[in-house]
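Trainee: Got a structure for you, my_file-v2.pdb, holding PDB, C-alpha atoms.
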```
ATOM      1  CA  MET A 113     -51.269 126.773 -63.596
ATOM      2  CA  LYS A 114     -51.675 129.794 -65.880
ATOM      3  CA  LYS A 115     -54.752 128.155 -67.380
ATOM      4  CA  LEU A 116     -56.258 127.680 -63.902
ATOM      5  CA  LEU A 117     -55.720 131.354 -63.071
ATOM      6  CA  LEU A 118     -57.176 132.434 -66.406
ATOM      7  CA  VAL A 119     -60.290 130.262 -65.995
ATOM      8  CA  THR A 120     -60.764 131.518 -62.419
ATOM      9  CA  ALA A 121     -60.417 135.153 -63.488
ATOM     10  CA  ILE A 122     -62.851 134.733 -66.406
ATOM     11  CA  THR A 123     -65.402 133.001 -64.160
ATOM     12  CA  ILE A 124     -65.204 135.720 -61.518
ATOM     13  CA  LEU A 125     -65.440 138.508 -64.084
ATOM     14  CA  SER A 126     -68.391 136.798 -65.778
ATOM     15  CA  LEU A 127     -70.246 136.503 -62.492
ATOM     16  CA  ALA A 128     -69.485 140.128 -61.742
ATOM     17  CA  GLN A 129     -70.947 141.183 -65.118
ATOM     18  CA  VAL A 130     -74.133 139.191 -64.557
ATOM     19  CA  ASN A 131     -74.823 140.697 -61.130
ATOM     20  CA  ALA A 132     -72.764 143.901 -61.200
ATOM     21  CA  GLN A 133     -75.130 145.551 -58.723
ATOM     22  CA  ASP A 134     -74.508 142.726 -56.218
ATOM     23  CA  VAL A 135     -70.722 143.096 -55.910
ATOM     24  CA  GLU A 136     -69.019 144.664 -52.907
ATOM     25  CA  PHE A 137     -65.314 145.461 -52.687
ATOM     26  CA  GLY A 138     -63.304 145.629 -49.507
ATOM     27  CA  ILE A 139     -60.045 145.295 -47.633
ATOM     28  CA  LYS A 140     -58.999 143.001 -44.809
ATOM     29  CA  GLY A 141     -56.105 142.272 -42.520
ATOM     30  CA  GLY A 142     -55.272 140.241 -39.491
ATOM     31  CA  LEU A 143     -53.073 137.729 -37.738
ATOM     32  CA  ASN A 144     -51.717 134.403 -38.974
ATOM     33  CA  PHE A 145     -50.669 131.577 -36.689
ATOM     34  CA  ALA A 146     -48.645 129.423 -39.077
ATOM     35  CA  ARG A 147     -46.606 126.254 -39.010
ATOM     36  CA  LEU A 148     -45.491 123.417 -41.228
ATOM     37  CA  ILE A 149     -47.238 120.075 -40.991
ATOM     38  CA  GLY A 150     -45.290 116.984 -41.973
ATOM     39  CA  ASP A 151     -41.809 115.532 -41.566
ATOM     40  CA  ASN A 152     -39.676 116.728 -38.655
ATOM     41  CA  THR A 153     -42.235 119.254 -37.347
ATOM     42  CA  SER A 154     -44.022 119.732 -34.053
ATOM     43  CA  LYS A 155     -46.919 121.802 -32.759
ATOM     44  CA  ASP A 156     -44.427 124.006 -30.885
ATOM     45  CA  GLN A 157     -43.056 125.381 -34.156
ATOM     46  CA  THR A 158     -45.888 127.897 -34.718
ATOM     47  CA  VAL A 159     -45.017 131.474 -35.737
ATOM     48  CA  THR A 160     -47.193 134.581 -35.663
ATOM     49  CA  ALA A 161     -47.339 136.835 -38.740
ATOM     50  CA  PHE A 162     -49.926 138.969 -40.523
ATOM     51  CA  ASN A 163     -52.126 138.980 -43.615
ATOM     52  CA  LEU A 164     -53.357 141.962 -45.621
ATOM     53  CA  GLY A 165     -55.260 142.324 -48.863
ATOM     54  CA  ALA A 166     -58.310 143.081 -50.966
ATOM     55  CA  MET A 167     -61.534 141.155 -51.523
ATOM     56  CA  ALA A 168     -64.771 141.252 -53.457
ATOM     57  CA  GLU A 169     -68.043 139.612 -52.497
ATOM     58  CA  ILE A 170     -70.219 138.541 -55.418
ATOM     59  CA  LYS A 171     -73.755 137.757 -54.355
ATOM     60  CA  ILE A 172     -75.140 134.714 -56.184
ATOM     61  CA  SER A 173     -78.352 134.362 -54.161
ATOM     62  CA  GLU A 174     -79.703 135.524 -50.823
ATOM     63  CA  LYS A 175     -77.847 132.711 -49.016
ATOM     64  CA  PHE A 176     -74.753 132.181 -51.182
ATOM     65  CA  SER A 177     -71.917 134.362 -52.457
ATOM     66  CA  LEU A 178     -68.365 134.039 -53.802
ATOM     67  CA  GLN A 179     -65.508 135.979 -52.281
ATOM     68  CA  PRO A 180     -62.291 136.099 -54.322
ATOM     69  CA  GLU A 181     -59.363 137.612 -52.448
ATOM     70  CA  LEU A 182     -55.819 138.786 -53.114
ATOM     71  CA  LEU A 183     -53.788 138.517 -49.886
ATOM     72  CA  TYR A 184     -50.246 138.978 -48.727
ATOM     73  CA  SER A 185     -49.782 136.220 -46.147
ATOM     74  CA  GLY A 186     -46.881 135.898 -43.751
ATOM     75  CA  GLN A 187     -46.375 132.238 -42.971
ATOM     76  CA  GLY A 188     -43.464 130.065 -41.936
ATOM     77  CA  TYR A 189     -42.186 128.036 -39.024
ATOM     78  CA  ASP A 190     -39.833 127.949 -36.068
ATOM     79  CA  THR A 191     -36.893 125.700 -36.923
ATOM     80  CA  GLY A 192     -36.279 124.831 -33.272
ATOM     81  CA  ILE A 193     -32.576 125.494 -33.943
ATOM     82  CA  ALA A 194     -31.117 128.458 -32.040
ATOM     83  CA  THR A 195     -28.901 129.652 -34.929
ATOM     84  CA  GLU A 196     -31.734 129.515 -37.477
ATOM     85  CA  GLY A 197     -34.773 130.696 -35.463
ATOM     86  CA  ASN A 198     -37.986 131.503 -37.342
ATOM     87  CA  ILE A 199     -38.114 131.103 -41.104
ATOM     88  CA  ALA A 200     -40.622 133.499 -42.676
ATOM     89  CA  LEU A 201     -42.350 132.321 -45.865
ATOM     90  CA  ASN A 202     -44.046 135.282 -47.556
ATOM     91  CA  TYR A 203     -46.864 134.367 -49.959
ATOM     92  CA  LEU A 204     -49.261 136.093 -52.325
ATOM     93  CA  ASN A 205     -52.408 133.991 -51.869
ATOM     94  CA  ILE A 206     -55.487 133.965 -54.099
ATOM     95  CA  PRO A 207     -58.372 132.206 -52.355
ATOM     96  CA  VAL A 208     -61.849 131.891 -53.893
ATOM     97  CA  ILE A 209     -64.230 131.430 -50.986
ATOM     98  CA  GLY A 210     -67.787 130.164 -51.182
ATOM     99  CA  LYS A 211     -69.876 131.778 -48.431
ATOM    100  CA  TYR A 212     -73.135 130.276 -47.182
ATOM    101  CA  TYR A 213     -75.105 132.661 -44.968
ATOM    102  CA  VAL A 214     -76.615 130.733 -42.060
ATOM    103  CA  THR A 215     -78.203 134.003 -40.904
ATOM    104  CA  LYS A 216     -78.203 137.467 -42.481
ATOM    105  CA  LYS A 217     -74.799 138.208 -40.905
ATOM    106  CA  LEU A 218     -73.144 134.851 -40.088
ATOM    107  CA  SER A 219     -71.544 132.813 -42.869
ATOM    108  CA  LEU A 220     -69.812 129.459 -43.216
ATOM    109  CA  GLU A 221     -66.904 129.657 -45.654
ATOM    110  CA  ALA A 222     -64.876 127.209 -47.707
ATOM    111  CA  GLY A 223     -62.862 127.236 -50.903
ATOM    112  CA  PRO A 224     -59.570 126.609 -52.679
ATOM    113  CA  GLN A 225     -56.544 128.841 -52.840
ATOM    114  CA  ILE A 226     -53.323 129.100 -54.760
ATOM    115  CA  GLY A 227     -50.284 130.743 -53.201
ATOM    116  CA  PHE A 228     -47.101 132.084 -54.757
ATOM    117  CA  LEU A 229     -43.942 132.204 -52.636
ATOM    118  CA  LEU A 230     -42.591 135.762 -52.794
ATOM    119  CA  SER A 231     -39.612 135.496 -50.438
ATOM    120  CA  THR A 232     -38.124 133.839 -47.382
ATOM    121  CA  LYS A 233     -36.356 135.471 -44.474
ATOM    122  CA  GLY A 234     -34.434 134.240 -41.448
ATOM    123  CA  GLY A 235     -31.761 131.765 -40.640
ATOM    124  CA  THR A 236     -28.176 131.661 -41.827
ATOM    125  CA  GLN A 237     -28.923 130.599 -45.404
ATOM    126  CA  ASP A 238     -31.269 131.495 -48.257
ATOM    127  CA  TYR A 239     -34.202 129.154 -47.748
ATOM    128  CA  LYS A 240     -36.085 130.138 -50.926
ATOM    129  CA  ASP A 241     -34.328 127.438 -52.978
ATOM    130  CA  LEU A 242     -35.634 124.781 -50.559
ATOM    131  CA  PHE A 243     -39.323 125.547 -51.240
ATOM    132  CA  LYS A 244     -41.598 125.253 -54.245
ATOM    133  CA  THR A 245     -42.847 128.556 -55.611
ATOM    134  CA  THR A 246     -46.505 127.436 -55.731
ATOM    135  CA  ASP A 247     -48.708 126.181 -52.915
ATOM    136  CA  PHE A 248     -52.269 124.864 -53.098
ATOM    137  CA  GLY A 249     -54.614 124.886 -50.118
ATOM    138  CA  ALA A 250     -58.188 124.633 -48.892
ATOM    139  CA  ASN A 251     -59.864 127.218 -46.643
ATOM    140  CA  PHE A 252     -62.500 126.537 -43.983
ATOM    141  CA  GLY A 253     -63.953 129.143 -41.673
ATOM    142  CA  ILE A 254     -66.699 131.417 -40.423
ATOM    143  CA  GLY A 255     -67.430 135.082 -40.982
ATOM    144  CA  TYR A 256     -69.613 137.742 -39.448
ATOM    145  CA  LYS A 257     -70.599 140.830 -41.472
ATOM    146  CA  LEU A 258     -72.217 143.910 -39.953
ATOM    147  CA  ASP A 259     -74.597 146.160 -41.912
ATOM    148  CA  SER A 260     -71.962 148.927 -41.760
ATOM    149  CA  GLY A 261     -69.564 146.811 -43.889
ATOM    150  CA  LEU A 262     -67.286 145.887 -41.001
ATOM    151  CA  ASN A 263     -66.636 142.152 -40.926
ATOM    152  CA  PHE A 264     -64.746 139.584 -38.890
ATOM    153  CA  GLY A 265     -63.426 136.167 -39.843
ATOM    154  CA  ALA A 266     -61.727 133.075 -38.490
ATOM    155  CA  ARG A 267     -60.300 130.649 -41.022
ATOM    156  CA  TYR A 268     -58.013 127.640 -41.248
ATOM    157  CA  VAL A 269     -55.926 127.191 -44.396
ATOM    158  CA  LEU A 270     -54.995 123.547 -44.891
ATOM    159  CA  GLY A 271     -52.035 123.058 -47.208
ATOM    160  CA  LEU A 272     -52.716 120.419 -49.842
ATOM    161  CA  SER A 273     -49.377 120.346 -51.648
ATOM    162  CA  ASN A 274     -45.865 119.515 -50.515
ATOM    163  CA  ILE A 275     -43.993 122.830 -50.391
ATOM    164  CA  ASN A 276     -40.510 121.249 -50.083
ATOM    165  CA  ASP A 277     -38.412 121.444 -53.213
ATOM    166  CA  VAL A 278     -35.845 118.961 -51.947
ATOM    167  CA  GLY A 279     -36.291 115.216 -51.945
ATOM    168  CA  GLY A 280     -36.997 113.041 -48.989
ATOM    169  CA  THR A 281     -39.263 115.267 -46.895
ATOM    170  CA  THR A 282     -42.896 116.318 -47.116
ATOM    171  CA  ASN A 283     -44.231 119.467 -45.476
ATOM    172  CA  LYS A 284     -47.437 121.428 -45.970
ATOM    173  CA  ASN A 285     -48.540 124.821 -44.706
ATOM    174  CA  GLY A 286     -51.087 125.049 -41.913
ATOM    175  CA  VAL A 287     -52.364 128.547 -41.094
ATOM    176  CA  PHE A 288     -55.037 129.764 -38.690
ATOM    177  CA  GLN A 289     -56.181 133.305 -39.585
ATOM    178  CA  LEU A 290     -58.110 135.917 -37.614
ATOM    179  CA  THR A 291     -59.170 138.902 -39.741
ATOM    180  CA  VAL A 292     -61.023 142.203 -39.638
ATOM    181  CA  GLY A 293     -62.240 143.771 -42.858
ATOM    182  CA  TYR A 294     -64.394 146.470 -44.328
ATOM    183  CA  PHE A 295     -66.642 146.407 -47.407
ATOM    184  CA  PHE A 296     -67.075 149.813 -49.072
TER     185      PHE A 296
END
```
Show how you would write the structure in this file as C-alpha coordinates.
Mentor:
Amino acid sequence: MKKLLLVTAITILSLAQVNAQDVEFGIKGGLNFARLIGDNTSKDQTVTAFNLGAMAEIKISEKFSLQPELLYSGQGYDTGIATEGNIALNYLNIPVIGKYYVTKKLSLEAGPQIGFLLSTKGGTQDYKDLFKTTDFGANFGIGYKLDSGLNFGARYVLGLSNINDVGGTTNKNGVFQLTVGYFF
(Lines of atoms letter the chains of each structure in order from A and count residues from 1; the text may use other names and numbers.)
(Lines give C-alpha, C1' and ligand atoms only; values in the text may rest on other atoms or scores of the structure.)
Protein backbone atom coordinates (compact mmCIF):
# COMPACT_ATOMS: atom_id res chain seq x y z
CA MET A 1 0.00 0.00 0.00
CA LYS A 2 2.87 2.39 0.75
CA LYS A 3 4.28 1.67 -2.70
CA LEU A 4 0.92 2.53 -4.31
CA LEU A 5 0.80 5.86 -2.47
CA LEU A 6 4.39 6.63 -3.40
CA VAL A 7 3.83 5.85 -7.10
CA THR A 8 0.64 7.94 -7.11
CA ALA A 9 2.38 10.89 -5.45
CA ILE A 10 5.35 10.74 -7.84
CA THR A 11 3.04 10.56 -10.87
CA ILE A 12 0.99 13.54 -9.71
CA LEU A 13 4.07 15.59 -8.89
CA SER A 14 5.64 14.72 -12.25
CA LEU A 15 2.54 15.83 -14.11
CA ALA A 16 2.47 19.01 -12.08
CA GLN A 17 6.10 19.75 -13.03
CA VAL A 18 5.44 19.20 -16.73
CA ASN A 19 2.45 21.56 -16.85
CA ALA A 20 2.98 23.73 -13.76
CA GLN A 21 1.10 26.61 -15.38
CA ASP A 22 -1.96 24.37 -15.86
CA VAL A 23 -2.52 23.42 -12.20
CA GLU A 24 -5.29 24.90 -10.07
CA PHE A 25 -5.67 24.36 -6.33
CA GLY A 26 -8.92 24.49 -4.43
CA ILE A 27 -11.10 23.44 -1.54
CA LYS A 28 -14.41 21.60 -1.43
CA GLY A 29 -17.04 20.41 0.98
CA GLY A 30 -20.48 18.93 0.98
CA LEU A 31 -22.88 16.25 2.09
CA ASN A 32 -22.46 12.47 2.15
CA PHE A 33 -25.35 10.03 2.07
CA ALA A 34 -23.63 6.83 3.19
CA ARG A 35 -24.51 3.24 3.93
CA LEU A 36 -23.01 -0.22 3.95
CA ILE A 37 -23.75 -2.58 1.10
CA GLY A 38 -23.59 -6.30 1.79
CA ASP A 39 -24.58 -8.77 4.49
CA ASN A 40 -27.37 -7.80 6.89
CA THR A 41 -27.91 -4.31 5.42
CA SER A 42 -30.88 -2.52 3.90
CA LYS A 43 -31.47 0.67 1.95
CA ASP A 44 -33.08 2.20 5.06
CA GLN A 45 -29.73 2.25 6.87
CA THR A 46 -28.43 5.42 5.16
CA VAL A 47 -26.80 8.14 7.28
CA THR A 48 -26.06 11.75 6.40
CA ALA A 49 -22.59 13.18 7.11
CA PHE A 50 -20.19 15.65 5.50
CA ASN A 51 -16.98 15.76 3.49
CA LEU A 52 -14.32 18.47 3.45
CA GLY A 53 -10.91 18.77 1.84
CA ALA A 54 -8.44 20.08 -0.70
CA MET A 55 -8.00 19.35 -4.40
CA ALA A 56 -5.81 20.17 -7.36
CA GLU A 57 -6.78 20.05 -11.02
CA ILE A 58 -3.96 19.21 -13.41
CA LYS A 59 -4.84 19.99 -16.99
CA ILE A 60 -3.54 17.31 -19.38
CA SER A 61 -5.30 18.58 -22.51
CA GLU A 62 -8.21 20.84 -23.38
CA LYS A 63 -10.70 18.02 -22.69
CA PHE A 64 -8.96 15.97 -19.99
CA SER A 65 -7.53 16.66 -16.54
CA LEU A 66 -6.60 14.82 -13.34
CA GLN A 67 -7.95 15.90 -9.99
CA PRO A 68 -6.21 14.42 -6.93
CA GLU A 69 -8.00 15.16 -3.67
CA LEU A 70 -7.43 14.82 0.06
CA LEU A 71 -10.81 14.56 1.83
CA TYR A 72 -12.16 13.98 5.28
CA SER A 73 -15.27 11.87 4.68
CA GLY A 74 -17.93 11.07 7.24
CA GLN A 75 -19.47 7.73 6.37
CA GLY A 76 -21.17 4.95 8.27
CA TYR A 77 -24.53 3.29 8.69
CA ASP A 78 -27.64 3.02 10.82
CA THR A 79 -27.51 -0.26 12.74
CA GLY A 80 -31.30 -0.47 12.96
CA ILE A 81 -30.84 -1.33 16.66
CA ALA A 82 -32.23 1.27 19.08
CA THR A 83 -29.37 0.93 21.61
CA GLU A 84 -26.66 1.26 18.95
CA GLY A 85 -28.12 3.85 16.53
CA ASN A 86 -25.84 5.32 13.85
CA ILE A 87 -22.24 4.18 13.62
CA ALA A 88 -20.01 6.90 12.18
CA LEU A 89 -16.98 5.75 10.17
CA ASN A 90 -14.59 8.67 9.69
CA TYR A 91 -12.18 8.32 6.75
CA LEU A 92 -9.31 10.22 5.18
CA ASN A 93 -9.90 9.53 1.47
CA ILE A 94 -7.46 10.11 -1.38
CA PRO A 95 -9.26 9.92 -4.72
CA VAL A 96 -7.51 10.53 -8.06
CA ILE A 97 -10.23 11.59 -10.47
CA GLY A 98 -9.98 11.66 -14.25
CA LYS A 99 -12.16 14.47 -15.62
CA TYR A 100 -13.39 14.53 -19.22
CA TYR A 101 -14.90 17.89 -20.20
CA VAL A 102 -17.99 17.30 -22.33
CA THR A 103 -18.32 21.09 -22.63
CA LYS A 104 -16.09 23.90 -21.35
CA LYS A 105 -17.78 23.71 -17.92
CA LEU A 106 -19.40 20.25 -17.62
CA SER A 107 -17.23 17.22 -16.85
CA LEU A 108 -17.72 13.48 -16.46
CA GLU A 109 -15.55 12.09 -13.66
CA ALA A 110 -14.22 8.70 -12.65
CA GLY A 111 -11.27 7.31 -10.74
CA PRO A 112 -9.96 5.18 -7.88
CA GLN A 113 -9.62 6.10 -4.25
CA ILE A 114 -7.98 4.77 -1.14
CA GLY A 115 -9.44 5.53 2.27
CA PHE A 116 -7.93 5.28 5.74
CA LEU A 117 -10.25 4.73 8.71
CA LEU A 118 -9.51 7.45 11.27
CA SER A 119 -12.12 6.66 13.92
CA THR A 120 -15.57 5.30 14.67
CA LYS A 121 -18.23 6.79 16.89
CA GLY A 122 -21.60 5.64 18.20
CA GLY A 123 -23.12 2.62 19.77
CA THR A 124 -22.30 1.00 23.08
CA GLN A 125 -18.96 -0.49 22.03
CA ASP A 126 -15.79 0.54 20.20
CA TYR A 127 -16.49 -0.44 16.61
CA LYS A 128 -13.03 0.43 15.25
CA ASP A 129 -11.72 -3.09 15.91
CA LEU A 130 -14.50 -4.52 13.70
CA PHE A 131 -13.36 -2.66 10.56
CA LYS A 132 -10.28 -2.77 8.36
CA THR A 133 -8.18 0.37 8.42
CA THR A 134 -7.96 0.63 4.60
CA ASP A 135 -10.77 0.89 2.07
CA PHE A 136 -10.54 0.91 -1.72
CA GLY A 137 -13.23 2.42 -3.93
CA ALA A 138 -14.17 3.72 -7.36
CA ASN A 139 -15.70 7.16 -7.99
CA PHE A 140 -18.20 8.06 -10.72
CA GLY A 141 -19.80 11.45 -11.14
CA ILE A 142 -20.32 14.76 -12.87
CA GLY A 143 -18.98 18.23 -12.21
CA TYR A 144 -19.75 21.76 -13.28
CA LYS A 145 -17.07 24.47 -13.05
CA LEU A 146 -17.80 28.18 -13.44
CA ASP A 147 -15.23 30.64 -14.81
CA SER A 148 -15.05 32.25 -11.35
CA GLY A 149 -13.61 29.01 -9.88
CA LEU A 150 -16.81 28.00 -8.12
CA ASN A 151 -17.69 24.39 -8.88
CA PHE A 152 -20.36 21.83 -8.08
CA GLY A 153 -20.23 18.04 -8.09
CA ALA A 154 -22.32 14.93 -7.66
CA ARG A 155 -20.46 11.66 -7.19
CA TYR A 156 -21.04 8.06 -6.16
CA VAL A 157 -18.24 6.23 -4.36
CA LEU A 158 -18.57 2.48 -4.82
CA GLY A 159 -16.67 0.47 -2.22
CA LEU A 160 -14.56 -2.26 -3.80
CA SER A 161 -13.11 -3.90 -0.70
CA ASN A 162 -14.69 -5.66 2.26
CA ILE A 163 -14.32 -3.28 5.21
CA ASN A 164 -15.24 -5.89 7.87
CA ASP A 165 -12.33 -7.14 9.92
CA VAL A 166 -14.29 -10.03 11.39
CA GLY A 167 -15.00 -13.28 9.61
CA GLY A 168 -18.26 -14.36 8.13
CA THR A 169 -19.66 -11.08 6.81
CA THR A 170 -18.91 -8.88 3.82
CA ASN A 171 -19.76 -5.18 3.71
CA LYS A 172 -18.61 -2.37 1.45
CA ASN A 173 -19.06 1.38 1.65
CA GLY A 174 -21.52 3.10 -0.66
CA VAL A 175 -21.51 6.92 -0.57
CA PHE A 176 -23.37 9.50 -2.64
CA GLN A 177 -21.69 12.93 -2.40
CA LEU A 178 -22.92 16.41 -3.26
CA THR A 179 -20.16 19.04 -3.13
CA VAL A 180 -19.43 22.72 -3.65
CA GLY A 181 -15.87 23.88 -4.18
CA TYR A 182 -13.71 26.77 -5.18
CA PHE A 183 -10.52 26.84 -7.27
CA PHE A 184 -8.17 29.73 -6.41
Trainee: Between CA of Asn202 in chain A and CA of Ala168 in chain A, what is the distance in Å, rounded to a tenth?
Mentor: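 Pair CA of Asn202 in chain A / CA of Ala168 in chain A returns 22.4 Å.
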Trainee: Using all atoms listed in the file, collect all residues at a distance of at most 8 Å from (-58.5, 133.4, -54.8) as written in the file, then present them as a list in words.
Mentor: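 Using all atoms listed in the file, the matching residues come out as Gln179, Pro180, Glu181, Leu182, Asn205, Ile206, Pro207, Val208, Ile209, Pro224, Gln225 and Ile226 of chain A.
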Trainee: How many Å separate CA of Gln187 in chain A from CA of Ala146 in chain A?
Mentor: 5.3 Å
Trainee: Which protein, DNA or RNA residues are at most 12 Å from (-81.2, 135.8, -50.3) in the file's coordinates when you count only C-alpha atoms, listed as a ChimeraX atom specification?
Mentor: /A:134,171-177,212-217
Trainee: From the list A:Ile254, A:Leu178, A:Leu218, A:Val278, which residue is nearest Asp241 in chain A when using all atoms listed in the file?
Mentor: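 Among A:Ile254, A:Leu178, A:Leu218, A:Val278, it is A:Val278 that comes nearest to Asp241 in chain A.
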Trainee: Check the smallest atom-to-atom distance from each of A:Gly293, A:Gly234, A:Gly210, A:Gly286 to Asn198 in chain A using all atoms listed in the file, then report the winner.
Mentor: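 Looking at the shortest contact to Asn198 in chain A, the residue is A:Gly234.
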Trainee: Measuring atom to atom with only C-alpha atoms, identify which of A:Ala194, A:Ala222, A:Ala250, A:Leu262 is nearest to Phe137 in chain A.
Mentor: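 That would be A:Leu262, the residue with the smallest distance to Phe137 in chain A.
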Trainee: Pick the closest to Lys233 in chain A from A:Gly150, A:Gly142, A:Gly188, A:Gly280: which is it, counting only C-alpha atoms?
Mentor: A:Gly188
Trainee: Would you mind reading off the distance between CA of Lys244 in chain A and CA of Tyr268 in chain A, one decimal, in Å?
Mentor: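 Pair CA of Lys244 in chain A / CA of Tyr268 in chain A returns 21.1 Å.
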Trainee: Using all atoms listed in the file for the distances, tell me which of A:Tyr203, A:Tyr184, A:Phe288, A:Phe145 is nearest to Ile275 in chain A.
Mentor: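 The closest residue to Ile275 in chain A is A:Tyr203.
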Trainee: Check which residues satisfy the PyMOL selection byres ((chain A and resi 295) around 6) in the file shown, then give them as JSON, numbers by chain.
Mentor: {"A": [137, 138, 261, 294, 296]}
Trainee: I need the residues from that last selection saved to file as an mmCIF file, in the coordinates of the input (with C-alpha atoms), if you can.
Mentor:
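Written file, result-v8.cif:
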```cif
data_model
loop_
_atom_site.group_PDB
_atom_site.id
_atom_site.type_symbol
_atom_site.label_atom_id
_atom_site.label_comp_id
_atom_site.auth_asym_id
_atom_site.auth_seq_id
_atom_site.Cartn_x
_atom_site.Cartn_y
_atom_site.Cartn_z
ATOM 1 C CA PHE A 137 -65.314 145.461 -52.687
ATOM 2 C CA GLY A 138 -63.304 145.629 -49.507
ATOM 3 C CA GLY A 261 -69.564 146.811 -43.889
ATOM 4 C CA TYR A 294 -64.394 146.470 -44.328
ATOM 5 C CA PHE A 296 -67.075 149.813 -49.072
#
```
Trainee: Here is a test: counting all atoms listed in the file, which residue of A:Ala161, A:Gly253, A:Gly265, A:Phe243 is nearest to Asp277 in chain A?
Mentor: A:Phe243
Trainee: With the file shown as input, list the residues that the PyMOL selection byres ((chain A and resi 191) around 12) selects, as a JSON list (two decimals) with C-alpha atoms, in the frame of the given file.
Mentor:
```json
[["chain", "number", "residue", "atom", "x", "y", "z"],
["A", 147, "ARG", "CA", -46.61, 126.25, -39.01],
["A", 148, "LEU", "CA", -45.49, 123.42, -41.23],
["A", 152, "ASN", "CA", -39.68, 116.73, -38.66],
["A", 153, "THR", "CA", -42.24, 119.25, -37.35],
["A", 154, "SER", "CA", -44.02, 119.73, -34.05],
["A", 155, "LYS", "CA", -46.92, 121.80, -32.76],
["A", 156, "ASP", "CA", -44.43, 124.01, -30.88],
["A", 157, "GLN", "CA", -43.06, 125.38, -34.16],
["A", 158, "THR", "CA", -45.89, 127.90, -34.72],
["A", 159, "VAL", "CA", -45.02, 131.47, -35.74],
["A", 188, "GLY", "CA", -43.46, 130.06, -41.94],
["A", 189, "TYR", "CA", -42.19, 128.04, -39.02],
["A", 190, "ASP", "CA", -39.83, 127.95, -36.07],
["A", 192, "GLY", "CA", -36.28, 124.83, -33.27],
["A", 193, "ILE", "CA", -32.58, 125.49, -33.94],
["A", 194, "ALA", "CA", -31.12, 128.46, -32.04],
["A", 195, "THR", "CA", -28.90, 129.65, -34.93],
["A", 196, "GLU", "CA", -31.73, 129.51, -37.48],
["A", 197, "GLY", "CA", -34.77, 130.70, -35.46],
["A", 198, "ASN", "CA", -37.99, 131.50, -37.34],
["A", 199, "ILE", "CA", -38.11, 131.10, -41.10],
["A", 200, "ALA", "CA", -40.62, 133.50, -42.68],
["A", 234, "GLY", "CA", -34.43, 134.24, -41.45],
["A", 235, "GLY", "CA", -31.76, 131.76, -40.64],
["A", 236, "THR", "CA", -28.18, 131.66, -41.83],
["A", 239, "TYR", "CA", -34.20, 129.15, -47.75]]
```
Trainee: Starting from 5 Å padding per side, set up an axis-aligned box that covers all listed atoms of range 275-285 of chain A and hand over centre and edge lengths in Å, one decimal, as JSON.
Mentor:
```
{"center_x": -42.2, "center_y": 118.9, "center_z": -49.0, "size_x": 22.7, "size_y": 21.8, "size_z": 18.5}
```
